[in-house]
>>> print(open('coords.tsv').read())   # TSV, C-alpha atoms
chain	number	residue	atom	x	y	z
A	1	MET	CA	80.13	8.29	9.08
A	2	SER	CA	80.31	6.83	12.61
A	3	PHE	CA	79.18	7.57	16.15
A	4	GLN	CA	81.94	10.18	16.27
A	5	ASP	CA	79.80	12.28	13.91
A	6	PHE	CA	76.81	12.37	16.28
A	7	HIS	CA	76.72	15.84	17.83
A	8	GLY	CA	75.99	16.16	21.56
A	9	ASN	CA	74.74	13.78	24.27
A	10	ALA	CA	78.08	11.96	24.31
A	11	ASP	CA	77.31	10.26	27.65
A	12	VAL	CA	74.03	8.84	26.33
A	13	VAL	CA	75.65	7.55	23.14
A	14	HIS	CA	78.49	5.98	25.15
A	15	ARG	CA	75.97	4.26	27.42
A	16	LEU	CA	74.06	2.78	24.49
A	17	ARG	CA	77.23	1.56	22.78
A	18	ASP	CA	78.42	0.03	26.05
A	19	MET	CA	75.17	-1.92	26.30
A	20	LEU	CA	75.76	-3.20	22.76
A	21	ALA	CA	79.30	-4.23	23.69
A	22	ARG	CA	78.09	-6.19	26.70
A	23	ASN	CA	75.21	-7.73	24.76
A	24	ARG	CA	72.79	-6.11	27.20
A	25	PHE	CA	70.92	-3.89	24.77
A	26	PRO	CA	67.16	-3.75	25.61
A	27	GLN	CA	64.67	-5.16	23.15
A	28	ALA	CA	62.48	-2.07	23.37
A	29	VAL	CA	63.88	1.46	23.61
A	30	VAL	CA	61.95	4.72	23.85
A	31	LEU	CA	64.22	7.50	22.57
A	32	ARG	CA	62.92	10.75	23.98
A	33	GLY	CA	64.06	14.22	22.96
A	34	PRO	CA	63.00	17.47	21.25
A	35	HIS	CA	62.33	17.54	17.53
A	36	GLY	CA	65.66	17.57	15.70
A	37	SER	CA	67.68	16.25	18.64
A	38	GLY	CA	68.91	13.29	16.59
A	39	LYS	CA	66.60	10.51	17.76
A	40	TYR	CA	66.10	9.07	14.28
A	41	THR	CA	69.77	9.48	13.31
A	42	LEU	CA	70.89	7.75	16.51
A	43	SER	CA	68.42	4.88	16.09
A	44	LEU	CA	69.75	4.27	12.55
A	45	MET	CA	73.35	4.40	13.78
A	46	LEU	CA	72.56	1.84	16.48
A	47	THR	CA	70.82	-0.32	13.88
A	48	GLN	CA	73.92	-0.18	11.69
A	49	ALA	CA	76.18	-1.01	14.65
A	50	MET	CA	74.00	-4.03	15.51
A	51	ASN	CA	74.23	-5.35	11.97
A	52	CYS	CA	77.63	-4.19	10.65
A	53	LEU	CA	79.22	-7.10	8.80
A	54	GLU	CA	82.71	-5.84	9.63
A	55	THR	CA	81.88	-5.51	13.37
A	56	ALA	CA	83.58	-2.12	13.40
A	57	THR	CA	84.74	-0.52	16.65
A	58	SER	CA	86.03	2.85	17.81
A	59	ASP	CA	87.28	3.83	21.25
A	60	GLY	CA	86.91	0.19	22.19
A	61	LEU	CA	83.13	0.21	21.66
A	62	PRO	CA	80.88	-1.03	18.81
A	63	ASP	CA	80.62	1.24	15.79
A	64	PHE	CA	79.66	0.73	12.13
A	65	CYS	CA	81.80	0.75	9.02
A	66	GLY	CA	79.35	2.45	6.67
A	67	ARG	CA	80.72	0.37	3.79
A	68	CYS	CA	79.26	-3.13	4.11
A	69	SER	CA	75.99	-4.03	2.41
A	70	ASN	CA	74.02	-3.90	5.66
A	71	CYS	CA	75.35	-0.48	6.65
A	72	MET	CA	74.78	1.02	3.20
A	73	ARG	CA	71.22	-0.27	2.81
A	74	ILE	CA	70.23	0.87	6.28
A	75	ALA	CA	71.79	4.28	5.54
A	76	GLN	CA	69.49	4.67	2.52
A	77	ALA	CA	66.70	5.36	5.02
A	78	ARG	CA	68.57	8.34	6.50
A	79	ASP	CA	66.56	10.86	4.48
A	80	LEU	CA	63.27	9.90	6.09
A	81	GLY	CA	61.27	12.64	4.39
A	82	ALA	CA	62.31	11.49	0.92
A	83	ARG	CA	61.65	7.81	1.70
A	84	CYS	CA	58.21	8.61	3.13
A	85	GLN	CA	57.38	10.66	0.04
A	86	GLU	CA	58.40	7.75	-2.17
A	87	ALA	CA	56.14	5.41	-0.17
A	88	ALA	CA	53.27	7.90	-0.37
A	89	ASP	CA	53.72	8.30	-4.14
A	90	ALA	CA	53.75	4.52	-4.57
A	91	ARG	CA	50.50	4.28	-2.65
A	92	GLU	CA	48.90	7.00	-4.76
A	93	ALA	CA	49.70	4.95	-7.87
A	94	LEU	CA	47.62	2.00	-6.60
A	95	ARG	CA	44.02	1.26	-7.42
A	96	GLU	CA	41.54	3.01	-5.13
A	97	THR	CA	40.58	-0.19	-3.31
A	98	ASP	CA	44.24	-1.15	-2.72
A	99	LYS	CA	45.15	2.38	-1.69
A	100	LYS	CA	42.74	2.27	1.25
A	101	GLU	CA	44.32	-0.92	2.57
A	102	THR	CA	47.95	0.19	2.16
A	103	ARG	CA	49.80	1.87	5.00
A	104	LEU	CA	52.98	3.93	4.90
A	105	LEU	CA	56.11	1.88	5.63
A	106	VAL	CA	59.79	2.41	4.78
A	107	GLN	CA	62.10	-0.54	4.20
A	108	THR	CA	65.52	-0.20	2.57
A	109	HIS	CA	66.83	-3.39	4.23
A	110	PRO	CA	64.78	-6.61	4.45
A	111	ASP	CA	65.27	-6.86	8.22
A	112	VAL	CA	64.82	-3.19	9.14
A	113	LEU	CA	61.32	-1.71	9.05
A	114	ILE	CA	60.61	1.97	9.67
A	115	ILE	CA	57.08	2.90	10.67
A	116	PRO	CA	56.22	6.62	10.23
A	117	PRO	CA	52.85	8.16	11.14
A	118	ASP	CA	50.34	7.50	8.37
A	119	PRO	CA	48.71	10.50	6.64
A	120	PRO	CA	46.40	12.31	6.64
A	121	GLN	CA	45.84	11.90	10.41
A	122	LEU	CA	49.60	11.43	10.90
A	123	MET	CA	49.19	8.67	13.48
A	124	ILE	CA	50.51	5.12	13.74
A	125	LYS	CA	47.70	2.86	12.50
A	126	VAL	CA	46.85	-0.67	13.57
A	127	ASP	CA	47.70	-2.11	10.14
A	128	GLN	CA	51.24	-0.79	10.50
A	129	VAL	CA	51.63	-2.52	13.85
A	130	ARG	CA	50.15	-5.70	12.38
A	131	ARG	CA	52.99	-5.69	9.84
A	132	VAL	CA	55.39	-5.75	12.79
A	133	ILE	CA	53.47	-8.60	14.42
A	134	GLU	CA	53.49	-10.61	11.18
A	135	THR	CA	57.28	-10.42	10.75
A	136	ILE	CA	58.91	-9.98	14.14
A	137	HIS	CA	59.08	-13.69	15.02
A	138	PHE	CA	60.87	-14.65	11.78
A	139	ARG	CA	64.63	-14.79	12.20
A	140	PRO	CA	66.49	-12.09	10.23
A	141	ALA	CA	67.41	-13.09	6.69
A	142	GLU	CA	70.53	-10.95	6.18
A	143	ALA	CA	71.05	-8.99	9.38
A	144	LYS	CA	71.96	-10.07	12.88
A	145	GLU	CA	68.96	-8.31	14.41
A	146	ARG	CA	65.50	-7.44	13.17
A	147	VAL	CA	64.92	-3.77	13.93
A	148	TYR	CA	61.67	-1.81	13.97
A	149	ILE	CA	61.71	2.00	14.29
A	150	PHE	CA	58.48	3.83	15.11
A	151	THR	CA	59.32	7.43	14.24
A	152	ASP	CA	56.47	8.88	16.31
A	153	SER	CA	54.55	8.08	19.48
A	154	SER	CA	51.11	9.12	18.20
A	155	PHE	CA	49.37	5.75	18.11
A	156	ILE	CA	45.68	5.21	17.64
A	157	LYS	CA	44.32	3.22	20.60
A	158	GLU	CA	44.02	-0.11	18.79
A	159	ALA	CA	47.55	0.21	17.40
A	160	ALA	CA	49.00	0.94	20.85
A	161	ASN	CA	47.24	-2.09	22.32
A	162	SER	CA	48.54	-4.28	19.50
A	163	LEU	CA	52.10	-3.06	20.06
A	164	LEU	CA	51.77	-3.85	23.76
A	165	LYS	CA	51.18	-7.51	22.90
A	166	VAL	CA	54.45	-7.58	20.95
A	167	LEU	CA	56.37	-5.97	23.81
A	168	GLU	CA	55.15	-8.57	26.29
A	169	GLU	CA	57.09	-11.39	24.61
A	170	PRO	CA	59.51	-10.02	21.98
A	171	PRO	CA	61.93	-12.48	20.35
A	172	ASP	CA	65.55	-12.14	21.44
A	173	PHE	CA	66.68	-11.32	17.86
A	174	ALA	CA	64.47	-8.22	17.47
A	175	THR	CA	64.80	-4.63	18.71
A	176	ILE	CA	62.07	-2.00	18.73
A	177	PHE	CA	62.75	1.75	18.85
A	178	ILE	CA	59.97	4.23	19.61
A	179	LEU	CA	60.91	7.87	18.99
A	180	THR	CA	59.04	10.58	20.84
A	181	GLU	CA	59.17	14.17	21.98
A	182	ASN	CA	56.91	13.30	24.91
A	183	ALA	CA	57.00	9.79	26.38
A	184	GLY	CA	53.80	10.63	28.27
A	185	GLU	CA	51.90	10.10	24.99
A	186	LEU	CA	52.62	6.38	25.25
A	187	LEU	CA	50.58	3.95	27.31
A	188	PRO	CA	52.08	3.43	30.79
A	189	THR	CA	52.24	-0.30	30.01
A	190	ILE	CA	54.35	0.40	26.90
A	191	ARG	CA	56.70	2.63	28.89
A	192	SER	CA	57.06	0.02	31.61
A	193	ARG	CA	58.16	-2.60	29.07
A	194	SER	CA	60.74	-0.31	27.45
A	195	MET	CA	63.94	1.43	28.47
A	196	ILE	CA	63.47	5.19	28.20
A	197	ILE	CA	66.57	7.04	26.96
A	198	SER	CA	66.51	10.85	26.91
A	199	LEU	CA	68.47	13.11	24.59
A	200	ALA	CA	69.01	16.42	26.34
A	201	ALA	CA	68.87	19.83	24.68
A	202	LEU	CA	72.26	21.36	23.89
A	203	PRO	CA	73.30	24.74	25.33
A	204	LEU	CA	72.48	27.82	23.27
A	205	GLU	CA	76.14	28.74	22.81
A	206	GLU	CA	76.97	25.26	21.49
A	207	ILE	CA	74.17	25.47	18.91
A	208	GLU	CA	75.42	28.87	17.75
A	209	ARG	CA	78.99	27.57	17.37
A	210	ASP	CA	77.73	24.60	15.38
A	211	LEU	CA	75.68	26.90	13.11
A	212	ALA	CA	78.70	29.12	12.50
A	213	LYS	CA	80.45	26.01	11.18
A	214	HIS	CA	77.59	24.43	9.21
A	215	ARG	CA	75.59	27.51	8.11
A	216	PRO	CA	78.27	30.19	7.48
A	217	GLU	CA	76.00	31.90	4.94
A	218	TRP	CA	73.66	33.01	7.74
A	219	LYS	CA	74.12	36.36	9.45
A	220	PRO	CA	74.98	36.31	13.18
A	221	GLN	CA	71.46	37.61	13.97
A	222	GLN	CA	69.92	34.71	12.03
A	223	ARG	CA	72.11	32.17	13.82
A	224	SER	CA	71.14	33.68	17.16
A	225	LEU	CA	67.43	33.48	16.27
A	226	VAL	CA	67.63	29.89	15.00
A	227	ALA	CA	69.65	28.77	18.03
A	228	ARG	CA	66.88	30.03	20.31
A	229	LEU	CA	64.07	28.56	18.22
A	230	SER	CA	65.63	25.11	17.84
A	231	ASP	CA	65.22	24.22	21.54
A	232	GLY	CA	68.75	22.88	21.80
A	233	ALA	CA	68.29	20.42	18.90
A	234	VAL	CA	71.27	20.58	16.58
A	235	GLY	CA	69.59	18.69	13.72
A	236	ARG	CA	66.64	21.03	13.81
A	237	SER	CA	68.89	24.09	13.82
A	238	ARG	CA	70.97	22.96	10.85
A	239	SER	CA	67.91	22.30	8.69
A	240	PHE	CA	65.96	25.35	9.86
A	241	ASP	CA	64.28	27.24	7.01
A	242	VAL	CA	64.72	30.84	8.11
A	243	ALA	CA	62.80	32.35	5.19
A	244	ALA	CA	59.80	30.05	5.70
A	245	TYR	CA	59.75	30.77	9.42
A	246	VAL	CA	59.89	34.54	8.95
A	247	SER	CA	57.01	34.28	6.46
A	248	ALA	CA	54.92	32.15	8.85
A	249	ARG	CA	55.77	34.52	11.71
A	250	SER	CA	54.54	37.50	9.74
A	251	GLN	CA	51.23	35.71	9.19
A	252	ALA	CA	51.04	34.72	12.86
A	253	ILE	CA	51.58	38.33	13.96
A	254	SER	CA	48.77	39.42	11.61
A	255	ILE	CA	46.38	36.87	13.10
A	256	LEU	CA	47.25	37.71	16.72
A	257	GLY	CA	47.18	41.44	15.95
A	258	SER	CA	43.75	41.11	14.37
A	259	ALA	CA	42.49	39.25	17.43
A	260	LEU	CA	43.94	41.77	19.90
A	261	GLN	CA	43.22	45.01	18.06
A	262	GLY	CA	39.86	44.20	16.44
A	263	GLY	CA	38.41	46.35	13.68
A	264	ASP	CA	38.69	45.63	9.95
A	265	HIS	CA	39.36	41.93	9.25
A	266	SER	CA	39.71	42.12	5.47
A	267	GLU	CA	43.47	41.55	5.60
A	268	LEU	CA	42.97	38.59	7.94
A	269	PHE	CA	40.48	36.99	5.55
A	270	LYS	CA	42.86	37.49	2.60
A	271	LEU	CA	45.62	35.80	4.57
A	272	THR	CA	43.63	32.80	5.78
A	273	GLU	CA	42.13	32.23	2.34
A	274	SER	CA	45.58	31.09	1.19
A	275	PHE	CA	45.47	28.01	3.46
A	276	ARG	CA	44.13	25.39	1.09
A	277	ALA	CA	43.65	21.63	1.33
A	278	GLY	CA	46.32	19.05	0.49
A	279	ALA	CA	49.72	18.08	1.87
A	280	GLU	CA	51.27	21.47	1.09
A	281	GLY	CA	48.47	23.24	2.90
A	282	ARG	CA	48.83	20.89	5.87
A	283	GLU	CA	52.55	21.62	6.15
A	284	LYS	CA	51.93	25.36	5.89
A	285	MET	CA	49.22	25.15	8.54
A	286	ASP	CA	51.41	23.14	10.94
A	287	SER	CA	54.19	25.70	10.54
A	288	LEU	CA	51.80	28.56	11.27
A	289	LEU	CA	50.36	26.92	14.40
A	290	HIS	CA	53.82	26.18	15.81
A	291	THR	CA	54.82	29.79	15.10
A	292	ILE	CA	51.75	31.15	16.90
A	293	TYR	CA	52.66	29.02	19.91
A	294	SER	CA	56.18	30.48	19.82
A	295	LEU	CA	54.85	34.05	19.75
A	296	LEU	CA	52.38	33.39	22.58
A	297	GLU	CA	55.23	32.04	24.70
A	298	ASP	CA	57.29	35.16	24.03
A	299	ILE	CA	54.36	37.45	24.86
A	300	MET	CA	53.91	35.57	28.14
A	301	ARG	CA	57.64	35.96	28.93
A	302	ILE	CA	57.44	39.71	28.32
A	303	ASN	CA	54.39	40.03	30.56
A	304	SER	CA	56.17	37.95	33.22
A	305	ASN	CA	59.12	40.38	33.23
A	306	ALA	CA	61.46	37.80	31.71
A	307	PRO	CA	62.43	39.45	28.39
A	308	GLU	CA	65.82	37.67	28.46
A	309	LEU	CA	63.97	34.41	27.71
A	310	VAL	CA	62.32	35.74	24.54
A	311	ARG	CA	63.26	33.61	21.54
A	312	ASN	CA	62.13	35.87	18.69
A	313	VAL	CA	64.77	38.40	19.67
A	314	ASP	CA	64.70	40.24	16.34
A	315	ILE	CA	61.08	41.44	16.71
A	316	GLN	CA	60.93	42.41	20.38
A	317	THR	CA	59.36	45.79	19.57
A	318	GLU	CA	56.36	44.17	17.84
A	319	LEU	CA	56.07	41.58	20.59
A	320	LYS	CA	55.95	44.29	23.27
A	321	LYS	CA	53.08	46.00	21.43
A	322	LEU	CA	51.11	42.74	21.40
A	323	ALA	CA	52.02	42.03	25.03
A	324	ALA	CA	50.63	45.41	26.07
A	325	LEU	CA	47.21	44.30	24.76
A	326	ALA	CA	47.23	40.74	26.15
A	327	ASP	CA	46.93	39.62	29.77
A	328	MET	CA	47.64	36.13	31.11
A	329	ASP	CA	44.00	35.04	30.87
A	330	TRP	CA	43.89	35.97	27.19
A	331	ILE	CA	47.17	34.12	26.52
A	332	GLU	CA	45.87	31.01	28.29
A	333	ASN	CA	42.63	31.14	26.31
A	334	ALA	CA	44.59	31.60	23.07
A	335	ALA	CA	46.70	28.53	23.81
A	336	ASN	CA	43.57	26.47	24.55
A	337	ARG	CA	41.90	27.68	21.35
A	338	LEU	CA	45.04	26.83	19.42
A	339	ALA	CA	44.98	23.29	20.81
A	340	GLU	CA	41.35	22.96	19.69
A	341	LEU	CA	42.35	24.18	16.25
A	342	GLU	CA	45.09	21.54	16.07
A	343	ARG	CA	42.61	18.81	16.96
A	344	GLY	CA	40.27	20.16	14.31
A	345	MET	CA	43.01	19.87	11.69
A	346	ARG	CA	43.25	16.15	12.48
A	347	ARG	CA	39.57	15.92	11.52
A	348	ASN	CA	40.30	17.76	8.25
A	349	LEU	CA	38.26	20.86	9.07
A	350	MET	CA	38.46	23.69	6.53
A	351	ARG	CA	41.71	25.50	7.31
A	352	SER	CA	40.87	29.06	6.27
A	353	LEU	CA	37.53	29.01	8.12
A	354	SER	CA	39.15	27.51	11.22
A	355	LEU	CA	41.79	30.27	11.33
A	356	ASP	CA	39.14	32.98	10.91
A	357	SER	CA	37.11	31.43	13.72
A	358	PHE	CA	40.20	31.21	15.93
A	359	ALA	CA	41.06	34.91	15.53
A	360	LEU	CA	37.48	36.14	15.92
A	361	ALA	CA	36.88	33.98	19.01
A	362	LEU	CA	39.93	35.51	20.66
A	363	GLU	CA	38.73	38.98	19.78
A	364	ARG	CA	35.33	38.32	21.40
A	365	THR	CA	37.10	36.95	24.48
A	366	ARG	CA	39.07	40.17	24.78
A	367	GLU	CA	35.91	42.27	24.41
A	368	LEU	CA	34.19	40.35	27.23
A	369	ARG	CA	37.00	40.97	29.71
A	370	PRO	CA	35.98	43.31	32.55
>>> encode(input="coords.tsv", output="structure tokens")
Amino acid sequence: MSFQDFHGNADVVHRLRDMLARNRFPQAVVLRGPHGSGKYTLSLMLTQAMNCLETATSDGLPDFCGRCSNCMRIAQARDLGARCQEAADAREALRETDKKETRLLVQTHPDVLIIPPDPPQLMIKVDQVRRVIETIHFRPAEAKERVYIFTDSSFIKEAANSLLKVLEEPPDFATIFILTENAGELLPTIRSRSMIISLAALPLEEIERDLAKHRPEWKPQQRSLVARLSDGAVGRSRSFDVAAYVSARSQAISILGSALQGGDHSELFKLTESFRAGAEGREKMDSLLHTIYSLLEDIMRINSNAPELVRNVDIQTELKKLAALADMDWIENAANRLAELERGMRRNLMRSLSLDSFALALERTRELRP
């Protein structure tokens, strides 16, 4: 594997490699782009290129061999989900007192530390940043550069302030990557001390061509749907779970339909009762909320006479029925209620009750409209 395998944003990748070649790479980089655009993959590739023992090149610019000990150990972190699960399982095996003091960190190379959001709040905690502070001023033991990769920009306030202190005077042998979908989540002082690099969304047609190559088992209609839902992010499209999405979408339509049509809510209560506590329930809930957002956006597009922008193209008939019952005020209120529900999930509110409340509140809002 090399930079030649990174799909899309060729100009951005060339620019970053050119900075490496000229030894002008910034010590703090904010990689901004939609979920699945390749931010994490690119940050690992750059980390390998910085530390490749064979100093590999391609097209006259730095690359990585993928064979030396540094490249291989850094590559072990490529499956971030699996590495995070291993770290979470290791923490669960600790004594209760130690468990509370242990934060999620991923380290497959002694000089490369990956900092994911810590569950259950899924935010970067101050103890994780303190680990960076404790190690960043030690020269690398086996690599050429110490590298720290924050895989999310959701920092608690104290953690963000602590990171700011590191960015004020970073050592010249350390590089910090912060990955984000929205750089606006970061403190302005963090953004001002970092170089912001954006990964653009790929065109719809390019995503569909890539899916035809990498997911030939999908029907053309499925590839068309996934291409629209992936927001131009090739990594997200390739790993898209069509069956899970269709299931979540069916539930989302039931919830929105119950809110818009009123009447008997027994089916709604049966549905929401299935959203239990635990990591599996959290993942299921996150998927449902994102799907509701997607449907609300499509309903708004239909009501704005822009049906060509609808992403859920395979269920336009059902969407039009919902759109006929929803005006723009209702859609705006639904989006606001959904944001409140997301914040409530961070406080570990009961999921089934929260969904019931969400649907019933929207129904009352519709009834009160003049």
>>> atom_distance(input="coords.tsv", atom1="atom CA of Arg209 of chain A", atom2="atom CA of Ser230 of chain A")
13.6 Å
>>> closest_residue(input="coords.tsv", among="A:Met45, A:Ile124, A:Ala323, A:Ala243", to="Asp5 of chain A", atoms="only C-alpha atoms")
A:Met45
>>> atom_distance(input="coords.tsv", atom1="atom CA of Ser250 of chain A", atom2="atom CA of Lys219 of chain A")
19.6 Å
>>> residues_near_point(input="coords.tsv", point="(67.0, -0.8, 15.7)", cutoff="12 Å", atoms="all atoms listed in the file", output="number ranges by chain")
A: 16, 20, 25-31, 39-51, 74, 109, 111-115, 143-151, 173-179
>>> closest_residue(input="coords.tsv", among="A:Ser237, A:Thr180, A:Gln128, A:Asn303", to="Met328 of chain A", atoms="only C-alpha atoms")
A:Asn303
>>> atom_distance(input="coords.tsv", atom1="atom CA of Phe240 of chain A", atom2="atom CA of Ser198 of chain A")
22.4 Å
>>> closest_residue(input="coords.tsv", among="A:Gln261, A:Leu341, A:Thr55, A:Arg191", to="Arg32 of chain A", atoms="only C-alpha atoms")
A:Arg191
>>> closest_residue(input="coords.tsv", among="A:Leu229, A:Ala90, A:Val234, A:Ala252", to="Val313 of chain A", atoms="all atoms listed in the file")
A:Leu229
>>> residues_around(input="coords.tsv", residues="Val12 of chain A", least_positions_apart="5", cutoff="10 Å", atoms="only C-alpha atoms", output="MDAnalysis selection string")
chainID A and resid 17:18 197:200
>>> axis_aligned_box(input="coords.tsv", around="segment 232-237 of chain A", padding_each_side="8 Å", output="JSON")
{"center_x": 69.0, "center_y": 21.4, "center_z": 17.8, "size_x": 20.6, "size_y": 21.4, "size_z": 24.1}
>>> closest_residue(input="coords.tsv", among="A:Ser162, A:Ser224, A:Ile133, A:Pro120", to="Glu283 of chain A", atoms="only C-alpha atoms")
A:Pro120
>>> residues_around(input="coords.tsv", residues="Gly235 of chain A", least_positions_apart="3", cutoff="12 Å", atoms="only C-alpha atoms", output="ChimeraX atom specification")
/A:6-8,33-42,201-202,207,210-211,214,226-227,230-232,238-240
>>> closest_residue(input="coords.tsv", among="A:Ala326, A:Ile255, A:Leu204, A:Cys71", to="Arg311 of chain A", atoms="all atoms listed in the file")
A:Leu204
